[in-house]
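S.K.: Sending over final.txt (compact mmCIF, C-alpha atoms).
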```
# COMPACT_ATOMS: atom_id res chain seq x y z
CA MET A 1 -32.77 -25.04 23.03
CA LYS A 2 -30.51 -22.19 24.15
CA ARG A 3 -28.12 -24.66 25.84
CA LEU A 4 -28.11 -26.79 22.69
CA LEU A 5 -27.13 -23.80 20.54
CA ILE A 6 -24.36 -22.82 22.97
CA ASN A 7 -23.00 -26.36 23.02
CA GLN A 8 -23.06 -26.48 19.21
CA LEU A 9 -21.23 -23.14 19.02
CA ASN A 10 -18.58 -24.35 21.46
CA ARG A 11 -18.16 -27.56 19.48
CA TRP A 12 -17.51 -25.76 16.18
CA THR A 13 -15.20 -23.26 17.90
CA ALA A 14 -13.13 -26.18 19.15
CA VAL A 15 -13.16 -27.73 15.70
CA ALA A 16 -11.92 -24.50 14.11
CA ALA A 17 -9.18 -24.16 16.71
CA GLY A 18 -8.11 -27.73 16.16
CA PHE A 19 -8.11 -27.21 12.43
CA THR A 20 -5.83 -24.21 12.76
CA LEU A 21 -3.42 -26.06 15.05
CA PHE A 22 -3.23 -29.46 13.43
CA CYS A 23 -3.77 -29.15 9.68
CA ALA A 24 -0.63 -30.07 7.77
CA LEU A 25 0.45 -28.57 4.46
CA PRO A 26 2.69 -30.39 2.02
CA ALA A 27 6.39 -29.67 2.26
CA PHE A 28 8.38 -27.83 -0.38
CA ALA A 29 10.50 -29.90 -2.71
CA ALA A 30 13.79 -30.78 -1.06
CA ASP A 31 15.92 -29.30 -3.84
CA PRO A 32 14.71 -26.18 -5.66
CA GLY A 33 15.56 -26.05 -9.35
CA ALA A 34 18.68 -24.33 -10.65
CA GLY A 35 16.68 -21.19 -11.32
CA GLY A 36 15.68 -20.92 -7.66
CA LEU A 37 12.17 -22.26 -8.24
CA ASP A 38 10.37 -24.25 -5.56
CA VAL A 39 8.07 -27.06 -6.63
CA VAL A 40 5.40 -28.02 -4.11
CA LYS A 41 3.45 -31.25 -4.53
CA VAL A 42 -0.13 -30.30 -3.66
CA ARG A 43 -1.91 -33.48 -4.77
CA ASP A 44 -0.72 -36.56 -6.67
CA ASN A 45 -1.63 -34.76 -9.91
CA PHE A 46 -1.18 -31.14 -8.83
CA TYR A 47 1.84 -28.95 -8.12
CA MET A 48 2.64 -25.34 -7.31
CA ILE A 49 5.73 -23.71 -8.82
CA ALA A 50 6.92 -20.70 -6.80
CA GLY A 51 9.77 -18.27 -7.30
CA GLY A 52 9.36 -17.47 -10.99
CA GLY A 53 7.05 -14.47 -10.69
CA GLY A 54 3.52 -15.25 -9.51
CA ASN A 55 2.72 -18.74 -8.26
CA ILE A 56 1.91 -21.24 -11.01
CA GLY A 57 -0.65 -24.01 -10.57
CA VAL A 58 0.18 -27.22 -12.46
CA ASN A 59 -2.51 -29.83 -13.13
CA ILE A 60 -1.26 -33.02 -14.82
CA GLY A 61 -3.44 -35.74 -16.29
CA PRO A 62 -4.00 -37.96 -19.32
CA ASP A 63 -4.81 -34.97 -21.54
CA GLY A 64 -1.61 -33.11 -20.67
CA ILE A 65 -0.74 -30.11 -18.51
CA VAL A 66 -3.11 -27.34 -17.48
CA LEU A 67 -1.25 -24.34 -16.06
CA VAL A 68 -2.80 -21.55 -14.05
CA ASN A 69 -0.56 -18.56 -14.76
CA ALA A 70 2.75 -18.68 -16.61
CA GLY A 71 5.07 -16.75 -14.29
CA SER A 72 7.42 -14.04 -15.49
CA ALA A 73 9.13 -13.97 -18.88
CA ALA A 74 12.56 -14.22 -17.23
CA ALA A 75 11.66 -17.51 -15.53
CA SER A 76 10.14 -19.27 -18.56
CA ASP A 77 13.11 -21.53 -19.31
CA GLN A 78 13.37 -22.61 -15.68
CA VAL A 79 9.63 -23.27 -15.49
CA LEU A 80 9.78 -25.41 -18.62
CA ALA A 81 12.72 -27.36 -17.16
CA GLU A 82 10.74 -28.07 -13.97
CA LEU A 83 7.70 -29.18 -15.96
CA LYS A 84 9.90 -31.62 -17.91
CA LYS A 85 10.93 -33.18 -14.59
CA LEU A 86 7.27 -33.75 -13.72
CA THR A 87 5.99 -35.13 -17.04
CA GLU A 88 6.71 -35.48 -20.74
CA LEU A 89 3.11 -34.57 -21.56
CA PRO A 90 2.52 -31.28 -23.43
CA ILE A 91 1.09 -28.06 -22.03
CA ARG A 92 -2.49 -27.89 -23.28
CA TYR A 93 -3.90 -24.85 -21.48
CA ILE A 94 -2.57 -21.77 -19.74
CA ILE A 95 -5.20 -19.95 -17.68
CA ASP A 96 -4.31 -16.34 -16.81
CA THR A 97 -5.78 -15.08 -13.53
CA ASP A 98 -4.94 -11.45 -14.34
CA ALA A 99 -2.81 -9.33 -16.65
CA GLY A 100 0.16 -8.74 -14.35
CA PRO A 101 3.60 -9.40 -15.93
CA ASP A 102 4.47 -11.85 -13.15
CA PHE A 103 1.53 -14.00 -14.33
CA VAL A 104 1.36 -13.50 -18.11
CA GLY A 105 5.02 -12.78 -18.90
CA GLY A 106 5.66 -16.47 -19.50
CA ASN A 107 2.73 -16.88 -21.89
CA LEU A 108 4.90 -16.55 -24.99
CA LYS A 109 7.49 -19.26 -24.31
CA LEU A 110 5.24 -21.64 -22.37
CA GLY A 111 2.47 -21.22 -24.90
CA ARG A 112 4.77 -21.93 -27.85
CA ALA A 113 6.16 -25.00 -26.04
CA GLY A 114 2.68 -26.45 -25.70
CA LEU A 115 0.26 -28.21 -28.01
CA THR A 116 -3.33 -27.14 -28.51
CA VAL A 117 -6.19 -29.63 -28.24
CA MET A 118 -7.23 -28.59 -31.77
CA ASN A 119 -5.64 -30.68 -34.52
CA GLY A 120 -3.45 -28.86 -36.96
CA HIS A 121 -2.44 -26.07 -34.58
CA THR A 122 0.66 -25.67 -32.45
CA GLY A 123 0.98 -23.96 -29.14
CA ALA A 124 -1.12 -24.22 -26.01
CA GLU A 125 -4.47 -22.51 -25.64
CA ILE A 126 -4.23 -19.39 -23.46
CA LEU A 127 -7.51 -18.81 -21.65
CA ALA A 128 -8.47 -15.65 -19.77
CA HIS A 129 -11.34 -13.29 -19.17
CA GLU A 130 -11.64 -10.81 -22.03
CA SER A 131 -10.48 -8.00 -19.69
CA VAL A 132 -7.02 -9.63 -19.65
CA LEU A 133 -6.98 -9.72 -23.45
CA THR A 134 -8.09 -6.07 -23.57
CA ARG A 135 -5.30 -5.05 -21.20
CA MET A 136 -2.55 -7.00 -22.95
CA SER A 137 -3.54 -5.99 -26.47
CA ALA A 138 -3.98 -2.28 -25.73
CA ARG A 139 -1.91 0.02 -27.92
CA ASN A 140 -0.40 1.67 -24.84
CA ALA A 141 0.07 -1.57 -22.87
CA ASN A 142 3.01 -1.35 -20.46
CA PRO A 143 4.75 -3.72 -20.70
CA SER A 144 3.79 -4.51 -24.27
CA TYR A 145 3.30 -8.09 -25.42
CA PRO A 146 3.52 -9.72 -28.85
CA GLY A 147 0.30 -11.19 -30.21
CA ASP A 148 1.44 -14.76 -29.55
CA ALA A 149 1.44 -13.99 -25.81
CA TRP A 150 -2.18 -12.80 -25.79
CA PRO A 151 -5.02 -15.06 -24.70
CA THR A 152 -6.24 -17.18 -27.61
CA GLU A 153 -9.56 -17.82 -25.89
CA GLY A 154 -11.36 -15.02 -24.05
CA PHE A 155 -14.60 -15.43 -22.14
CA GLN A 156 -17.16 -12.81 -21.14
CA PRO A 157 -19.46 -14.34 -18.48
CA LEU A 158 -18.58 -14.37 -14.79
CA ARG A 159 -18.13 -18.17 -14.97
CA HIS A 160 -16.42 -20.25 -17.62
CA ALA A 161 -16.21 -24.05 -17.26
CA PHE A 162 -14.59 -26.87 -19.22
CA ARG A 163 -13.17 -30.38 -18.68
CA MET A 164 -9.57 -31.52 -18.94
CA ASN A 165 -7.73 -34.38 -17.26
CA ALA A 166 -11.03 -35.82 -15.96
CA GLU A 167 -11.43 -32.54 -14.02
CA GLY A 168 -14.25 -30.07 -13.93
CA ILE A 169 -12.39 -26.75 -14.21
CA GLU A 170 -14.25 -23.54 -13.36
CA VAL A 171 -12.87 -20.05 -13.95
CA PHE A 172 -14.68 -17.26 -12.09
CA HIS A 173 -14.19 -13.64 -13.13
CA LEU A 174 -14.30 -11.40 -10.05
CA PRO A 175 -14.60 -7.80 -11.23
CA ALA A 176 -13.21 -4.79 -9.39
CA ALA A 177 -11.12 -6.75 -6.88
CA HIS A 178 -7.30 -6.40 -7.00
CA SER A 179 -8.04 -5.00 -10.48
CA ASP A 180 -10.82 -5.28 -13.07
CA ALA A 181 -9.19 -8.36 -14.66
CA ASP A 182 -9.11 -10.90 -11.81
CA SER A 183 -10.21 -14.52 -11.96
CA VAL A 184 -9.93 -17.51 -9.62
CA VAL A 185 -9.76 -21.09 -10.86
CA LEU A 186 -11.34 -24.11 -9.16
CA PHE A 187 -10.27 -27.68 -9.97
CA ARG A 188 -13.21 -29.73 -8.72
CA LYS A 189 -11.69 -33.21 -8.56
CA SER A 190 -8.33 -32.09 -7.18
CA ASP A 191 -10.07 -29.70 -4.75
CA VAL A 192 -7.64 -26.86 -5.44
CA VAL A 193 -8.36 -23.14 -5.91
CA VAL A 194 -5.82 -20.79 -7.53
CA THR A 195 -6.47 -17.15 -6.62
CA GLY A 196 -3.99 -14.96 -8.47
CA ASP A 197 -3.31 -11.64 -6.75
CA ILE A 198 -6.66 -11.58 -4.99
CA MET A 199 -4.68 -13.22 -2.19
CA ASP A 200 -1.01 -12.67 -1.43
CA THR A 201 0.34 -14.12 1.83
CA THR A 202 3.50 -12.01 1.62
CA ARG A 203 1.87 -8.57 1.80
CA PHE A 204 -1.31 -6.54 2.01
CA PRO A 205 -3.40 -6.86 -1.15
CA ILE A 206 -2.41 -4.46 -3.90
CA ILE A 207 -5.62 -2.65 -4.87
CA ASP A 208 -4.89 -1.35 -8.38
CA THR A 209 -7.32 1.55 -8.37
CA ALA A 210 -5.95 2.83 -11.70
CA ASN A 211 -7.12 -0.41 -13.31
CA GLY A 212 -10.49 -0.81 -11.61
CA GLY A 213 -9.50 -2.33 -8.27
CA THR A 214 -11.70 -1.60 -5.23
CA ILE A 215 -11.59 -2.54 -1.56
CA GLN A 216 -15.17 -3.85 -1.57
CA GLY A 217 -14.48 -5.91 -4.69
CA GLU A 218 -11.39 -7.36 -2.96
CA ILE A 219 -13.48 -8.39 0.05
CA ASP A 220 -16.17 -9.85 -2.21
CA ALA A 221 -13.52 -11.82 -4.10
CA LEU A 222 -12.02 -13.25 -0.90
CA ASN A 223 -15.53 -14.24 0.20
CA LYS A 224 -15.94 -16.06 -3.13
CA VAL A 225 -12.70 -17.97 -2.54
CA ILE A 226 -13.95 -18.97 0.92
CA GLU A 227 -17.24 -20.09 -0.63
CA LEU A 228 -15.36 -22.34 -3.07
CA THR A 229 -13.32 -24.03 -0.34
CA ILE A 230 -14.17 -26.77 2.14
CA ALA A 231 -12.62 -27.17 5.59
CA PRO A 232 -11.48 -30.66 6.71
CA ILE A 233 -14.25 -31.14 9.27
CA PRO A 234 -15.26 -33.17 11.18
CA TYR A 235 -12.10 -35.33 10.76
CA ILE A 236 -9.55 -32.55 11.18
CA TYR A 237 -6.74 -34.97 12.10
CA LYS A 238 -7.35 -37.28 9.16
CA GLU A 239 -7.11 -35.22 6.00
CA VAL A 240 -6.87 -31.70 4.60
CA GLY A 241 -9.56 -29.60 2.99
CA THR A 242 -9.40 -27.52 -0.15
CA TYR A 243 -5.93 -26.24 -0.98
CA VAL A 244 -5.57 -22.59 -2.00
CA ILE A 245 -2.66 -21.39 -4.14
CA PRO A 246 -2.30 -17.62 -3.67
CA GLY A 247 -0.75 -15.25 -6.18
CA HIS A 248 2.41 -15.10 -4.10
CA GLY A 249 3.45 -16.84 -0.92
CA ARG A 250 2.81 -20.22 0.64
CA LEU A 251 0.14 -22.81 0.03
CA CYS A 252 -2.98 -22.22 2.16
CA GLU A 253 -6.23 -23.75 3.34
CA GLN A 254 -9.65 -22.25 4.03
CA MET A 255 -9.00 -20.83 7.50
CA GLU A 256 -6.00 -18.88 6.22
CA VAL A 257 -8.18 -17.29 3.55
CA VAL A 258 -10.70 -16.42 6.28
CA ASP A 259 -7.93 -14.83 8.35
CA TYR A 260 -6.72 -12.82 5.34
CA ARG A 261 -10.27 -11.66 4.55
CA ASP A 262 -10.82 -10.69 8.19
CA MET A 263 -7.61 -8.67 8.16
CA VAL A 264 -8.78 -6.73 5.09
CA VAL A 265 -12.19 -6.07 6.68
CA ILE A 266 -10.68 -4.97 10.01
CA VAL A 267 -8.33 -2.48 8.35
CA ARG A 268 -11.14 -1.25 6.08
CA ASP A 269 -13.37 -0.65 9.11
CA ALA A 270 -10.58 1.15 11.00
CA VAL A 271 -10.06 3.50 8.06
CA ALA A 272 -13.82 4.04 7.77
CA GLU A 273 -14.00 5.07 11.43
CA LEU A 274 -11.18 7.59 10.98
CA ILE A 275 -12.92 9.00 7.90
CA LYS A 276 -16.08 9.34 9.99
CA GLN A 277 -14.05 11.39 12.48
CA GLY A 278 -13.12 13.79 9.67
CA LYS A 279 -9.48 12.72 9.33
CA THR A 280 -7.54 13.46 6.15
CA LEU A 281 -5.59 10.77 4.33
CA ASP A 282 -2.30 12.03 5.84
CA GLN A 283 -3.81 11.92 9.33
CA ILE A 284 -5.15 8.43 8.71
CA GLN A 285 -1.74 7.23 7.51
CA ALA A 286 -0.16 8.73 10.64
CA ALA A 287 -2.68 6.84 12.83
CA HIS A 288 -1.45 3.48 11.43
CA PRO A 289 -4.84 1.73 11.08
CA ALA A 290 -3.07 -1.44 9.85
CA LEU A 291 -0.46 -1.47 12.62
CA ALA A 292 -1.50 -4.84 14.04
CA TYR A 293 -0.70 -6.50 10.70
CA GLU A 294 2.26 -4.48 9.47
CA THR A 295 4.98 -6.85 10.69
CA ARG A 296 3.35 -9.68 8.72
CA TYR A 297 2.03 -8.00 5.59
CA GLY A 298 3.72 -4.59 5.47
CA ARG A 299 7.41 -5.43 5.34
CA GLU A 300 7.70 -4.39 1.70
CA PRO A 301 8.39 -0.61 1.53
CA GLY A 302 5.31 1.45 0.73
CA VAL A 303 2.84 -1.44 0.61
CA THR A 304 1.04 -0.46 3.82
CA ASN A 305 0.54 3.16 2.76
CA SER A 306 -0.65 2.03 -0.68
CA PHE A 307 -3.17 -0.32 0.89
CA VAL A 308 -4.53 2.31 3.28
CA GLU A 309 -4.69 4.89 0.48
CA ALA A 310 -6.64 2.50 -1.75
CA ILE A 311 -9.13 1.90 1.06
CA TYR A 312 -9.44 5.66 1.66
CA LYS A 313 -10.07 6.34 -2.03
CA GLY A 314 -12.64 3.58 -2.22
CA LEU A 315 -14.55 4.82 0.81
CA THR A 316 -14.50 8.51 -0.13
CA SER A 317 -15.10 8.30 -3.87
CA LYS A 318 -18.46 9.51 -5.10
CA LYS A 319 -20.79 6.68 -6.08
```
The structure given in the file should be rewritten as structure tokens.
M.R.:
Amino acid sequence: MKRLLINQLNRWTAVAAGFTLFCALPAFAADPGAGGLDVVKVRDNFYMIAGGGGNIGVNIGPDGIVLVNAGSAAASDQVLAELKKLTELPIRYIIDTDAGPDFVGGNLKLGRAGLTVMNGHTGAEILAHESVLTRMSARNANPSYPGDAWPTEGFQPLRHAFRMNAEGIEVFHLPAAHSDADSVVLFRKSDVVVTGDIMDTTRFPIIDTANGGTIQGEIDALNKVIELTIAPIPYIYKEVGTYVIPGHGRLCEQMEVVDYRDMVVIVRDAVAELIKQGKTLDQIQAAHPALAYETRYGREPGVTNSFVEAIYKGLTSKK
């Protein structure tokens, strides 16, 4: 029995290694749009638009377009132009994964350009967890948004599900992760997950402690994304698994989410050990607990220190 378990472990280790080496992601569009946007074909009916703020997921089907995030306000015209190249169908839904301006800034123009599923109304439905609506409609919201940019449909439970384009679409609110207003979106038929800023392949996660973000919530959220994805095993050479569209950066698969989660856990544990030794925040920063990952995720000025500080605050705050 022991030999059998060892053989099984070795087999799955080889599978994972093969998956990492041989899985192939779709290529970027050959010619980015005039606005510098990149359009990535994820599936026959699914695209990712990058370069206009946060990444935008685009699901196209007989009912129209379902967008996950709307990018920045400055990129709205370019995003609309790219959508016109893909289909003449209207935008029916915009799903906001959080309240950041690089995700909701385009709500106004893209929403107005769409067509609701309800007869007699113009504009696309804008769906988000109620925490996004609360943030955007606050009297002191910075930046401030006109009412037409706010979500038209807010949900309260941790899971909201509906059907469009012959897809089961599930929106999961993941509280206290990057902030208190994060959601991830799963498209069941297309087998695509859109994460928002819970995952960012260009940098360490930004834990917005001022708006309810926590390091443990971030780890829990990444674990949820992993739970929603499927690896392409046992036929790792034949097809891909679940695609993951992060908030920023390149298209991913399950193992890359696992690697990102492991990085967060490793840095969290390193900071925890230094706290246990009685180190102050300044001493912990000087020890560079994220050094092994800084060349990959810490190239943006200040992002490493902000990440370490958020971990420190999370681990030392009184429960």
S.K.: Using all atoms listed in the file, can you tell me which of A:Val193, A:Val303, A:Ala286, A:Val104 comes closest to Ile207 in chain A?
M.R.: A:Val303
S.K.: As an exercise, work out the distance from CA of Asp182 in chain A to CA of Glu125 in chain A in Å and give it to one decimal place.
M.R.: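 Taking CA of Asp182 in chain A and CA of Glu125 in chain A, their separation equals 18.6 Å.
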S.K.: For CA of Gly52 in chain A and CA of Ala75 in chain A, quote the distance in Å rounded to one decimal.
M.R.: 5.1 Å
S.K.: As an exercise, work out the distance from CA of Thr280 in chain A to CA of Ile311 in chain A in Å and give it to one decimal place.
M.R.: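 Those two atoms sit 12.7 Å apart.
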S.K.: Pick out the closest residue to Asp282 in chain A from this set: A:Glu294, A:Asp200, A:Glu309, A:Glu256. Count all atoms listed in the file.
M.R.: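 Comparing A:Glu294, A:Asp200, A:Glu309, A:Glu256 against Asp282 in chain A, the winner is A:Glu309.
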S.K.: Sorted by chain and rising residue number, which residues of range 73-155 of chain A lie within 12 Å of range 161-176 of chain A, and what are their closest atom pairs and distances in Å to one decimal, counting all atoms listed in the file, as a Markdown table?
M.R.:
```
| residue | atom | partner | partner_atom | distance |
| --- | --- | --- | --- | --- |
| A:Leu89 | CA | A:Asn165 | CA | 11.7 |
| A:Ile91 | CA | A:Met164 | CA | 11.6 |
| A:Arg92 | CA | A:Met164 | CA | 9.1 |
| A:Tyr93 | CA | A:Met164 | CA | 9.1 |
| A:Ile94 | CA | A:Val171 | CA | 11.9 |
| A:Ile95 | CA | A:Val171 | CA | 8.5 |
| A:Asp96 | CA | A:Val171 | CA | 9.8 |
| A:Thr97 | CA | A:His173 | CA | 8.5 |
| A:Asp98 | CA | A:His173 | CA | 9.6 |
| A:Val117 | CA | A:Met164 | CA | 10.1 |
| A:Leu127 | CA | A:Val171 | CA | 9.5 |
| A:Ala128 | CA | A:Val171 | CA | 8.5 |
| A:His129 | CA | A:His173 | CA | 6.7 |
| A:Glu130 | CA | A:His173 | CA | 9.7 |
| A:Ser131 | CA | A:Pro175 | CA | 9.4 |
| A:Val132 | CA | A:His173 | CA | 10.5 |
| A:Gly154 | CA | A:His173 | CA | 11.4 |
| A:Phe155 | CA | A:His173 | CA | 9.2 |
```
S.K.: Please provide as a list in words all residues within 10 Å of Cys252 in chain A, with the sequence filter that same-chain residues fewer than 2 positions apart are discarded (counting all atoms listed in the file).
M.R.: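 Listed by chain and then number, they are Ala24, Leu25, Pro26, Val193, Thr201, Gly241, Thr242, Tyr243, Val244, Ile245, Pro246, Gly249, Arg250, Gln254, Met255, Glu256 and Val257 of chain A.
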S.K.: Check the smallest atom-to-atom distance from each of A:Leu37, A:Gly105, A:Phe187, A:Asn45 to Ala81 in chain A using only C-alpha atoms, then report the winner.
M.R.: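 Answer, going by the shortest atom-to-atom distance: A:Leu37.
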S.K.: I'd like the contact shell of Ala50 in chain A - 7 Å cut-off, all atoms listed in the file, skipping same-chain residues fewer than 4 positions apart - returned as a list in words.
M.R.: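 Contacts, with the query itself left out: Leu37, Asp38, Val39, Gly54, Asn55 and Ile56 of chain A.
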S.K.: Which is closest to Val265 in chain A among A:Ala138, A:Ala177, A:Ile215, A:Ala149, if we use all atoms listed in the file?
M.R.: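 Closest to Val265 in chain A of all the choices is A:Ile215.
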S.K.: Can you tell me, as a ChimeraX atom specification, what residues are no more than 6 Å from Gly71 in chain A when counting only C-alpha atoms, ignoring any on the same chain fewer than 2 positions away?
M.R.: /A:52-54,69,102-103,106
S.K.: Select all residues near (6.6, -28.2, -10.6) (cut-off 7 Å, inclusive, file coordinates), counting only C-alpha atoms, and output them as a PyMOL selection string.
M.R.: chain A and resi 39-40+47-49+58+82-83+86
S.K.: Pick the closest to Tyr293 in chain A from A:Arg268, A:Leu186, A:Lys276, A:Arg203: which is it, counting only C-alpha atoms?
M.R.: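 Closest residue, counting only C-alpha atoms: A:Arg203.
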S.K.: Counting all atoms listed in the file, which residue out of A:Gly213, A:Gly247, A:Pro289, A:Gly196 sits closest to Asp180 in chain A?
M.R.: A:Gly213
